[in-house]
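> Handing you a structure now.
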Amino acid sequence: MLALKVNAVNEKNGVTVWVSVTNQSEEVAELLFKTSQRISIAVFDEEQKRVYRSESEWMYLQVVEHVMLQPNDEVVFQEMMPSTYFEEGHTYKGTVRLAVSEINNEQALQQSQTFTFTRQEHS
């Protein structure tokens, strides 16, 4: 079983979302990614309007990569969301999921994790 932890950090040029993935099983977890995308993020404003989506902002390479996670191992992925999408002082709610195709040769269930942040400019 994989556990996701999410942290959104305000920075000068935007908000960086850090996603920690931990293999909580007693067996090796083999993650199959079919593109260079590792996480998928969607962010909504206070009126539930989507203001950001990874797939709309970034372009991904068509590459196949296997990531092997030993029991209790952790891997961290990050994505910078540009500040142009967010207004100072506003609170946003997001969802993030792994952009993995298969886990241990089985189609991956698309579990997601939610996060909330308030945009604050840093100088």
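To be explicit about the labels: the chains of the structure tokens are called A, B, and onward in the order shown, and within each one the residues are counted from 1, while ligands get numbers from 1 in the order they are shown.
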Residues within 7 Å of Leu4 (chain A), please, as a PyMOL selection string. Count only C-alpha atoms; anything in the same chain fewer than 2 positions from it doesn't count.
chain A and resi 2+6+19-22+113
> Need the shell around Val9 (chain A): protein/DNA/RNA residues with any atom at most 12 Å away, counting only C-alpha atoms. Skip same-chain ones fewer than 4 positions apart. Format as a ChimeraX atom specification?
/A:13-19,78-81,83,115-122
> Do you have the CA of Val28 (chain A)-CA of His66 (chain A) distance handy?
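Separating CA of Val28 (chain A) from CA of His66 (chain A) is a distance of 12.1 Å.
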> I'd like the neighbourhood of Val67 (chain A) as a list in words, where a residue qualifies if any of its atoms comes within 10 Å (using only C-alpha atoms), though same-chain residues fewer than 4 positions away should be ignored.
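With the cut-off at 10 Å, the set is Ala29, Glu30, Leu31, Leu32, Phe33, Val75, Val100 and Ile103 of chain A.
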> Given the selection you just returned, output its residues as a file containing N, CA and C atoms, formatted as a short mmCIF file (atom, residue, chain, number, x, y, z; two decimals), in the first residue's frame.

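The new file result-v8.cif reads:
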data_model
loop_
_atom_site.label_atom_id
_atom_site.label_comp_id
_atom_site.auth_asym_id
_atom_site.auth_seq_id
_atom_site.Cartn_x
_atom_site.Cartn_y
_atom_site.Cartn_z
N ALA A 29 7.32 -2.33 -4.16
CA ALA A 29 6.28 -1.76 -5.02
C ALA A 29 6.95 -1.25 -6.29
N GLU A 30 6.49 -1.75 -7.43
CA GLU A 30 7.02 -1.31 -8.72
C GLU A 30 6.00 -0.37 -9.35
N LEU A 31 6.41 0.89 -9.52
CA LEU A 31 5.54 1.90 -10.10
C LEU A 31 5.93 2.08 -11.56
N LEU A 32 4.94 2.01 -12.45
CA LEU A 32 5.19 2.19 -13.88
C LEU A 32 4.60 3.52 -14.32
N PHE A 33 5.47 4.40 -14.79
CA PHE A 33 5.05 5.69 -15.34
C PHE A 33 5.25 5.62 -16.86
N VAL A 75 9.75 8.17 -1.77
CA VAL A 75 10.21 8.98 -2.90
C VAL A 75 9.39 10.27 -2.86
N VAL A 100 0.73 7.54 -12.08
CA VAL A 100 1.28 6.20 -12.30
C VAL A 100 0.26 5.36 -13.07
N ILE A 103 0.87 -0.36 -10.76
CA ILE A 103 1.62 -0.67 -9.54
C ILE A 103 1.67 -2.19 -9.45
#
> Please run DSSP on the backbone and report, as a PyMOL selection string, all residues within region 48-117 of chain A that come out as alpha helix (DSSP H).
chain A and resi 54-57
